[in-house]
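Structure file coords12.tsv (TSV, C-alpha atoms) is printed below.
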chain	number	residue	atom	x	y	z
G	1	MET	CA	-59.13	51.49	6.07
G	2	LYS	CA	-56.74	54.21	4.95
G	3	TYR	CA	-55.38	53.95	1.40
G	4	LEU	CA	-52.99	56.93	1.34
G	5	GLY	CA	-50.61	58.42	3.88
G	6	GLU	CA	-48.68	56.95	6.79
G	7	LYS	CA	-49.67	53.52	8.14
G	8	SER	CA	-51.99	52.83	5.21
G	9	LEU	CA	-52.38	50.28	2.45
G	10	SER	CA	-49.84	52.18	0.30
G	11	SER	CA	-47.13	52.12	2.98
G	12	PHE	CA	-47.75	48.40	3.46
G	13	LEU	CA	-47.47	47.81	-0.30
G	14	HIS	CA	-44.27	49.86	-0.40
G	15	ILE	CA	-42.67	47.63	2.24
G	16	PHE	CA	-44.00	44.53	0.44
G	17	LEU	CA	-42.40	45.66	-2.84
G	18	VAL	CA	-39.07	46.39	-1.13
G	19	VAL	CA	-39.06	42.81	0.22
G	20	ALA	CA	-40.24	41.44	-3.14
G	21	TRP	CA	-37.33	43.20	-4.91
G	22	TYR	CA	-34.77	41.19	-2.90
G	23	LEU	CA	-36.78	37.96	-3.12
G	24	VAL	CA	-36.99	38.25	-6.92
G	25	ILE	CA	-33.22	38.88	-7.15
G	26	LEU	CA	-32.54	35.78	-5.03
G	27	ALA	CA	-34.98	33.67	-7.07
G	28	ALA	CA	-33.42	34.99	-10.29
G	29	LEU	CA	-29.93	33.96	-9.17
G	30	PHE	CA	-31.20	30.47	-8.26
G	31	VAL	CA	-33.09	29.99	-11.53
G	32	GLY	CA	-30.17	31.41	-13.51
G	33	VAL	CA	-27.69	28.94	-11.99
G	34	ILE	CA	-30.00	25.95	-12.57
G	35	LEU	CA	-30.83	26.99	-16.14
G	36	SER	CA	-27.25	27.68	-17.17
G	37	ILE	CA	-26.14	24.31	-15.78
G	38	ALA	CA	-28.99	22.60	-17.65
G	39	ILE	CA	-28.05	24.38	-20.87
G	40	PHE	CA	-24.27	24.47	-20.94
G	41	SER	CA	-23.06	21.28	-19.22
G	42	ASP	CA	-23.51	17.56	-19.74
G	43	PRO	CA	-25.98	15.76	-17.48
G	44	VAL	CA	-24.51	14.23	-14.32
G	45	LEU	CA	-26.26	10.94	-13.65
G	46	GLU	CA	-24.44	9.85	-10.50
G	47	PRO	CA	-23.19	11.86	-7.54
G	48	GLY	CA	-19.42	12.21	-7.99
G	49	VAL	CA	-16.64	12.46	-5.45
G	50	SER	CA	-16.08	16.22	-5.49
G	51	ALA	CA	-18.41	18.65	-3.78
G	52	PHE	CA	-19.03	20.47	-7.07
G	53	SER	CA	-20.28	17.39	-8.93
G	54	ARG	CA	-22.47	16.43	-5.98
G	55	MET	CA	-24.01	19.89	-6.10
G	56	LYS	CA	-24.55	19.52	-9.85
G	57	PHE	CA	-26.23	16.15	-9.30
G	58	GLU	CA	-28.57	17.72	-6.73
G	59	LEU	CA	-29.47	20.45	-9.21
G	60	TYR	CA	-30.15	17.90	-11.94
G	61	SER	CA	-32.51	15.95	-9.72
G	62	GLU	CA	-34.24	19.28	-9.06
G	63	ILE	CA	-34.64	19.89	-12.81
G	64	LYS	CA	-35.76	16.34	-13.60
G	65	LYS	CA	-38.90	16.51	-11.45
G	66	ASP	CA	-40.93	16.92	-14.66
G	67	PRO	CA	-39.44	14.16	-16.85
G	68	GLU	CA	-41.44	14.86	-20.05
G	69	ALA	CA	-40.51	18.53	-20.17
G	70	TRP	CA	-36.90	17.71	-19.31
G	71	LYS	CA	-36.72	15.17	-22.17
G	72	PHE	CA	-38.03	17.75	-24.62
G	73	PHE	CA	-35.67	20.40	-23.29
G	74	SER	CA	-32.49	18.30	-23.23
G	75	SER	CA	-33.00	16.91	-26.75
G	76	ALA	CA	-33.13	20.40	-28.27
G	77	PRO	CA	-29.99	21.98	-29.79
G	78	VAL	CA	-27.91	24.38	-27.69
G	79	HIS	CA	-29.01	27.60	-29.38
G	80	PHE	CA	-32.65	26.64	-28.89
G	81	ARG	CA	-32.00	25.98	-25.19
G	82	PHE	CA	-30.21	29.31	-25.01
G	83	ILE	CA	-33.49	31.06	-25.93
G	84	ALA	CA	-34.95	29.79	-22.66
G	85	LEU	CA	-32.23	31.67	-20.76
G	86	LEU	CA	-32.93	34.85	-22.74
G	87	PHE	CA	-36.67	34.51	-22.11
G	88	VAL	CA	-36.24	34.00	-18.37
G	89	SER	CA	-33.80	36.89	-18.05
G	90	ALA	CA	-36.18	39.18	-19.99
G	91	VAL	CA	-39.10	38.24	-17.74
G	92	ILE	CA	-37.04	38.80	-14.59
G	93	PHE	CA	-35.69	42.12	-15.89
G	94	LEU	CA	-39.24	43.33	-16.60
G	95	LEU	CA	-40.43	42.15	-13.20
G	96	LEU	CA	-37.60	44.00	-11.43
G	97	LYS	CA	-38.32	47.21	-13.36
G	98	ILE	CA	-42.04	46.98	-12.54
G	99	ILE	CA	-41.26	46.42	-8.86
G	100	LYS	CA	-38.84	49.39	-8.77
G	101	LYS	CA	-41.38	51.72	-10.38
G	102	GLY	CA	-44.13	50.39	-8.10
G	103	GLN	CA	-41.94	51.21	-5.11
G	104	SER	CA	-41.63	54.84	-6.26
G	105	ILE	CA	-45.39	55.11	-6.87
G	106	PHE	CA	-46.31	53.75	-3.46
G	107	SER	CA	-43.68	55.83	-1.67
G	108	ASN	CA	-45.28	58.90	-3.30
G	109	PHE	CA	-48.72	57.71	-2.18
G	110	LYS	CA	-47.29	57.24	1.31
G	111	LYS	CA	-46.24	60.91	1.29
G	112	ASN	CA	-49.76	61.90	0.15
G	113	ILE	CA	-48.46	62.94	-3.28
G	114	VAL	CA	-51.15	61.56	-5.60
G	115	PHE	CA	-51.98	63.73	-8.60
G	116	ASN	CA	-48.49	64.63	-9.73
G	117	GLU	CA	-46.63	64.70	-13.05
G	118	ALA	CA	-44.05	62.22	-11.70
G	119	ASN	CA	-46.80	59.75	-10.82
G	120	VAL	CA	-48.34	60.09	-14.29
G	121	LEU	CA	-44.99	59.16	-15.88
G	122	LEU	CA	-44.43	56.26	-13.47
G	123	ILE	CA	-47.93	54.81	-13.96
G	124	SER	CA	-47.72	55.02	-17.75
G	125	LYS	CA	-44.32	53.28	-17.70
G	126	VAL	CA	-45.56	50.58	-15.31
G	127	SER	CA	-48.62	49.89	-17.44
G	128	LYS	CA	-46.56	49.56	-20.63
G	129	LEU	CA	-44.04	47.27	-18.92
G	130	LEU	CA	-46.90	45.23	-17.46
G	131	ILE	CA	-48.46	44.80	-20.92
G	132	VAL	CA	-45.19	43.36	-22.26
G	133	PHE	CA	-44.76	41.23	-19.14
G	134	SER	CA	-48.27	39.77	-19.33
G	135	ILE	CA	-47.91	38.98	-23.04
G	136	LEU	CA	-44.56	37.25	-22.41
G	137	THR	CA	-45.96	35.14	-19.57
G	138	PHE	CA	-49.35	34.49	-21.27
G	139	ASN	CA	-51.14	35.98	-18.28
G	140	PHE	CA	-54.24	37.56	-19.75
G	141	SER	CA	-55.89	38.66	-16.52
G	142	SER	CA	-52.77	40.71	-15.89
G	143	LEU	CA	-53.07	42.08	-19.43
G	144	LEU	CA	-56.58	43.33	-18.63
G	145	VAL	CA	-55.32	44.97	-15.43
G	146	SER	CA	-52.48	46.68	-17.30
G	147	ILE	CA	-54.84	48.03	-19.97
G	148	ILE	CA	-57.06	49.46	-17.22
G	149	LEU	CA	-53.90	51.00	-15.72
G	150	LEU	CA	-53.04	52.51	-19.11
G	151	ILE	CA	-56.46	54.19	-19.16
G	152	LEU	CA	-55.97	55.33	-15.56
G	153	THR	CA	-52.82	57.14	-16.75
G	154	ASP	CA	-55.06	59.62	-18.56
G	155	VAL	CA	-57.22	60.02	-15.46
G	156	PHE	CA	-54.09	60.80	-13.46
G	157	LYS	CA	-52.90	63.26	-16.12
G	158	ASN	CA	-56.17	65.20	-15.88
G	159	GLY	CA	-56.01	64.98	-12.09
G	160	ALA	CA	-52.47	66.37	-12.05
G	161	ALA	CA	-53.51	69.31	-14.23
G	162	LEU	CA	-56.47	70.08	-11.93
G	163	GLN	CA	-54.29	69.71	-8.83
G	164	GLU	CA	-51.73	72.18	-10.21
G	165	GLU	CA	-54.51	74.64	-11.04
G	166	HIS	CA	-55.90	74.28	-7.52
G	167	ASP	CA	-52.50	74.63	-5.82
G	168	LEU	CA	-51.74	77.84	-7.71
G	169	THR	CA	-55.11	79.43	-6.92
G	170	VAL	CA	-54.62	81.60	-3.87
A	1	MET	CA	-48.04	86.83	-17.03
A	2	ALA	CA	-48.90	90.38	-17.83
A	3	ILE	CA	-50.70	91.04	-14.53
A	4	ILE	CA	-48.26	91.88	-11.72
A	5	PHE	CA	-49.14	91.77	-8.06
A	6	ARG	CA	-47.60	94.85	-6.37
A	7	LEU	CA	-48.07	93.60	-2.83
A	8	ASP	CA	-44.58	94.55	-1.56
A	9	ARG	CA	-45.04	98.29	-2.12
A	10	MET	CA	-48.40	98.38	-0.36
A	11	MET	CA	-47.09	96.29	2.53
A	12	ALA	CA	-44.11	98.66	2.97
A	13	ASP	CA	-46.50	101.66	2.98
A	14	ARG	CA	-48.67	100.07	5.67
A	15	LYS	CA	-45.57	98.77	7.57
A	16	ILE	CA	-46.89	95.21	7.81
A	17	SER	CA	-44.78	92.04	7.53
A	18	SER	CA	-45.75	89.23	5.21
A	19	GLY	CA	-46.15	86.80	8.14
A	20	GLU	CA	-48.58	89.15	9.87
A	21	LEU	CA	-50.53	89.79	6.67
A	22	ALA	CA	-50.76	86.05	6.03
A	23	SER	CA	-52.17	85.39	9.49
A	24	ARG	CA	-54.64	88.29	9.21
A	25	ILE	CA	-56.08	87.19	5.86
A	26	ASP	CA	-56.06	83.49	6.83
A	27	LEU	CA	-53.55	82.44	4.18
A	28	THR	CA	-50.50	80.20	4.60
A	29	ASN	CA	-47.07	81.77	4.15
A	30	ALA	CA	-46.44	79.43	1.21
A	31	ASN	CA	-49.57	80.67	-0.60
A	32	LEU	CA	-48.69	84.31	0.08
A	33	SER	CA	-45.24	83.79	-1.41
A	34	ILE	CA	-46.83	82.15	-4.49
A	35	LEU	CA	-48.86	85.35	-4.83
A	36	LYS	CA	-45.83	87.64	-4.36
A	37	THR	CA	-43.55	85.77	-6.78
A	38	GLY	CA	-46.19	85.88	-9.50
A	39	LYS	CA	-46.57	82.10	-9.81
A	40	ALA	CA	-50.29	82.26	-9.02
A	41	ARG	CA	-52.67	81.20	-11.80
A	42	ALA	CA	-55.78	82.68	-10.22
A	43	ILE	CA	-56.88	84.60	-7.15
A	44	ARG	CA	-60.10	84.05	-5.23
A	45	MET	CA	-62.40	87.03	-4.76
A	46	SER	CA	-62.40	86.33	-1.01
A	47	THR	CA	-58.58	86.55	-0.86
A	48	LEU	CA	-58.53	89.82	-2.82
A	49	GLU	CA	-61.26	91.17	-0.56
A	50	ALA	CA	-59.32	90.24	2.59
A	51	ILE	CA	-56.10	91.81	1.30
A	52	CYS	CA	-57.89	95.06	0.43
A	53	ARG	CA	-59.60	95.09	3.81
A	54	GLU	CA	-56.36	94.60	5.76
A	55	LEU	CA	-54.25	97.00	3.67
A	56	HIS	CA	-57.04	99.62	3.36
A	57	CYS	CA	-56.66	99.94	-0.38
A	58	GLN	CA	-58.41	99.32	-3.71
A	59	PRO	CA	-57.66	96.28	-5.91
A	60	GLY	CA	-56.19	98.71	-8.44
A	61	ASP	CA	-53.50	99.69	-5.95
A	62	ILE	CA	-52.06	96.18	-5.80
A	63	LEU	CA	-52.74	94.89	-9.32
A	64	GLU	CA	-50.87	96.26	-12.31
A	65	TYR	CA	-50.94	95.45	-16.00
A	66	VAL	CA	-47.56	95.37	-17.75
A	67	PRO	CA	-47.48	94.24	-21.39
A	68	ASP	CA	-45.32	91.21	-22.18
A	69	ASP	CA	-42.33	91.56	-24.51
A	70	LYS	CA	-44.34	90.06	-27.37
A	71	GLU	CA	-47.16	92.53	-26.90
A	72	LYS	CA	-44.66	95.43	-26.72
A	73	ASP	CA	-43.17	94.36	-30.06
A	74	PHE	CA	-46.65	94.20	-31.53
A	75	LEU	CA	-47.48	97.72	-30.34
A	76	GLN	CA	-44.27	99.19	-31.77

Go through the file and emit its structure as structure tokens.
Amino acid sequence: MKYLGEKSLSSFLHIFLVVAWYLVILAALFVGVILSIAIFSDPVLEPGVSAFSRMKFELYSEIKKDPEAWKFFSSAPVHFRFIALLFVSAVIFLLLKIIKKGQSIFSNFKKNIVFNEANVLLISKVSKLLIVFSILTFNFSSLLVSIILLILTDVFKNGAALQEEHDLTV
Amino acid sequence: MAIIFRLDRMMADRKISSGELASRIDLTNANLSILKTGKARAIRMSTLEAICRELHCQPGDILEYVPDDKEKDFLQ
């Protein structure tokens, strides 16, 4: 199994992240519409006559699949419910940034550029973003991975210095 | 850096092109241009040996020490 270069694990991951970028944007739009309807409009209990109210009714039945959580959510004041929108948009923003940086890292790996100053910067940024992301989503296995990535940043920094030394030795 | 690689002068004396020299001493053109532009951090003994062999010269003929501006100020 090849890890670097053309037709390797890195090129596969690069394509995967390009697809994931669009999927996350689509999912974000869907979640954003549902959440903002849940927050800013009154509940629609019966399907109305117009197409818009029917659509809203469909969305409400989608939200109400977990009745306990929905009860808790709908009884809260508006500004509290607004925090949910902020939280979700922050998580999605972080996810999109991580995916974009991951794309650049794997496209560099695809071109066999490994120990490079640009990669050091990208990996350190990804690991910091991933730490924030994993704390926000309470995902502690991901936190462990991101801390290991933060340590790997230093490994890559040393590697980049050695690579430069080697490239400039004739 | 204070050490300058005077390869151009020697190559003109021996009437040899940089492409030919690169192929004779088994070096890529990119690496030879790193050497000529003075970006090189270090030079292998084997490379220096091959250059001297092909150009029929001593290492002193192609290496030259020129003090940096800072060092010049210090000397004056």

>> Applying 7 Å and all atoms listed in the file, which residues near segment 126-138 of chain G remain after dropping the ones on its own chain fewer than 6 positions away? List them as an MDAnalysis selection string.
In response: chainID G and resid 91 94 98 101 146:147 149:150

Using all atoms listed in the file, what table do you get, as a tab-separated table, when you list each residue of chain A with an atom no more than 12 Å from chain G, its nearest pair of atoms, and their distance in Å rounded to one decimal, rows by chain then rising number?
residue	atom	partner	partner_atom	distance
A:Ala22	CA	G:Val170	CA	11.5
A:Ile25	CA	G:Val170	CA	11.3
A:Asp26	CA	G:Val170	CA	11.0
A:Leu27	CA	G:Val170	CA	8.2
A:Thr28	CA	G:Val170	CA	9.5
A:Asn29	CA	G:Val170	CA	11.0
A:Ala30	CA	G:Val170	CA	9.9
A:Asn31	CA	G:Val170	CA	6.1
A:Leu32	CA	G:Val170	CA	7.6
A:Ser33	CA	G:Val170	CA	9.9
A:Ile34	CA	G:Leu168	CA	7.3
A:Leu35	CA	G:Val170	CA	6.9
A:Lys36	CA	G:Val170	CA	10.7
A:Thr37	CA	G:Leu168	CA	11.4
A:Gly38	CA	G:Leu168	CA	9.9
A:Lys39	CA	G:Leu168	CA	7.0
A:Ala40	CA	G:Leu168	CA	4.8
A:Arg41	CA	G:Leu168	CA	5.4
A:Ala42	CA	G:Thr169	CA	4.7
A:Ile43	CA	G:Val170	CA	5.0
A:Arg44	CA	G:Val170	CA	6.2
A:Met45	CA	G:Val170	CA	9.5
A:Ser46	CA	G:Val170	CA	9.5
A:Thr47	CA	G:Val170	CA	7.0
A:Leu48	CA	G:Val170	CA	9.2
A:Ala50	CA	G:Val170	CA	11.8
A:Ile51	CA	G:Val170	CA	11.5

>> Between atom CA of Ala161 of chain G and atom CA of Lys110 of chain G, what distance in Å does the model show, to one decimal?
In response: 20.6 Å

>> Tell me which residues come within 9 Å of (-50.3, 53.4, 1.2), as a ChimeraX atom specification, counting all atoms listed in the file in the file's coordinates.
In response: /G:2-14,106-112

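Residue neighbourhood of Ala38 of chain G, excluding near-sequence residues (fewer than 5 positions): Gly32, Val33, Pro43, Lys56, Leu59, Tyr60, Ile63, Trp70, Phe73, Ser74 and Arg81 of chain G, at 10 Å, using only C-alpha atoms.
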
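Straight-line separation from atom CA of Met11 of chain A to atom CA of Glu54 of chain A: 10.0 Å.
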
> atom CA of Ser41 of chain G and atom CA of Ser61 of chain G, how far apart in Å?
Replying inline: 14.4 Å

>> From (-57.2, 97.9, 2.9), in the file's coordinates, out to 12 Å: which residues are reached, counting all atoms listed in the file? Answer as a list in words.
In response: Leu7, Met10, Met11, Asp13, Arg14, Ile16, Leu21, Arg24, Ile25, Leu48, Glu49, Ala50, Ile51, Cys52, Arg53, Glu54, Leu55, His56, Cys57, Gln58, Pro59, Gly60, Asp61 and Ile62 of chain A

> Closest to Ala28 of chain G among G:Val145, G:Leu121, G:Ala90, G:Ile105, using all atoms listed in the file?
Replying inline: G:Ala90

> Could you pull the residues within 9 Å of Val66 of chain A, counting only C-alpha atoms, minus those fewer than 2 positions along the same chain, as a PyMOL selection string?
Replying inline: chain A and resi 1-4+64+68

For segment 29-40 of chain A, take all atoms listed in the file, fit an axis-aligned box around them, add 6 Å to each of the six sides, then output centre and edge lengths in Å rounded to one decimal, as lines of an AutoDock Vina configuration file.
center_x = -46.9
center_y = 83.5
center_z = -2.8
size_x = 18.7
size_y = 20.2
size_z = 26.0
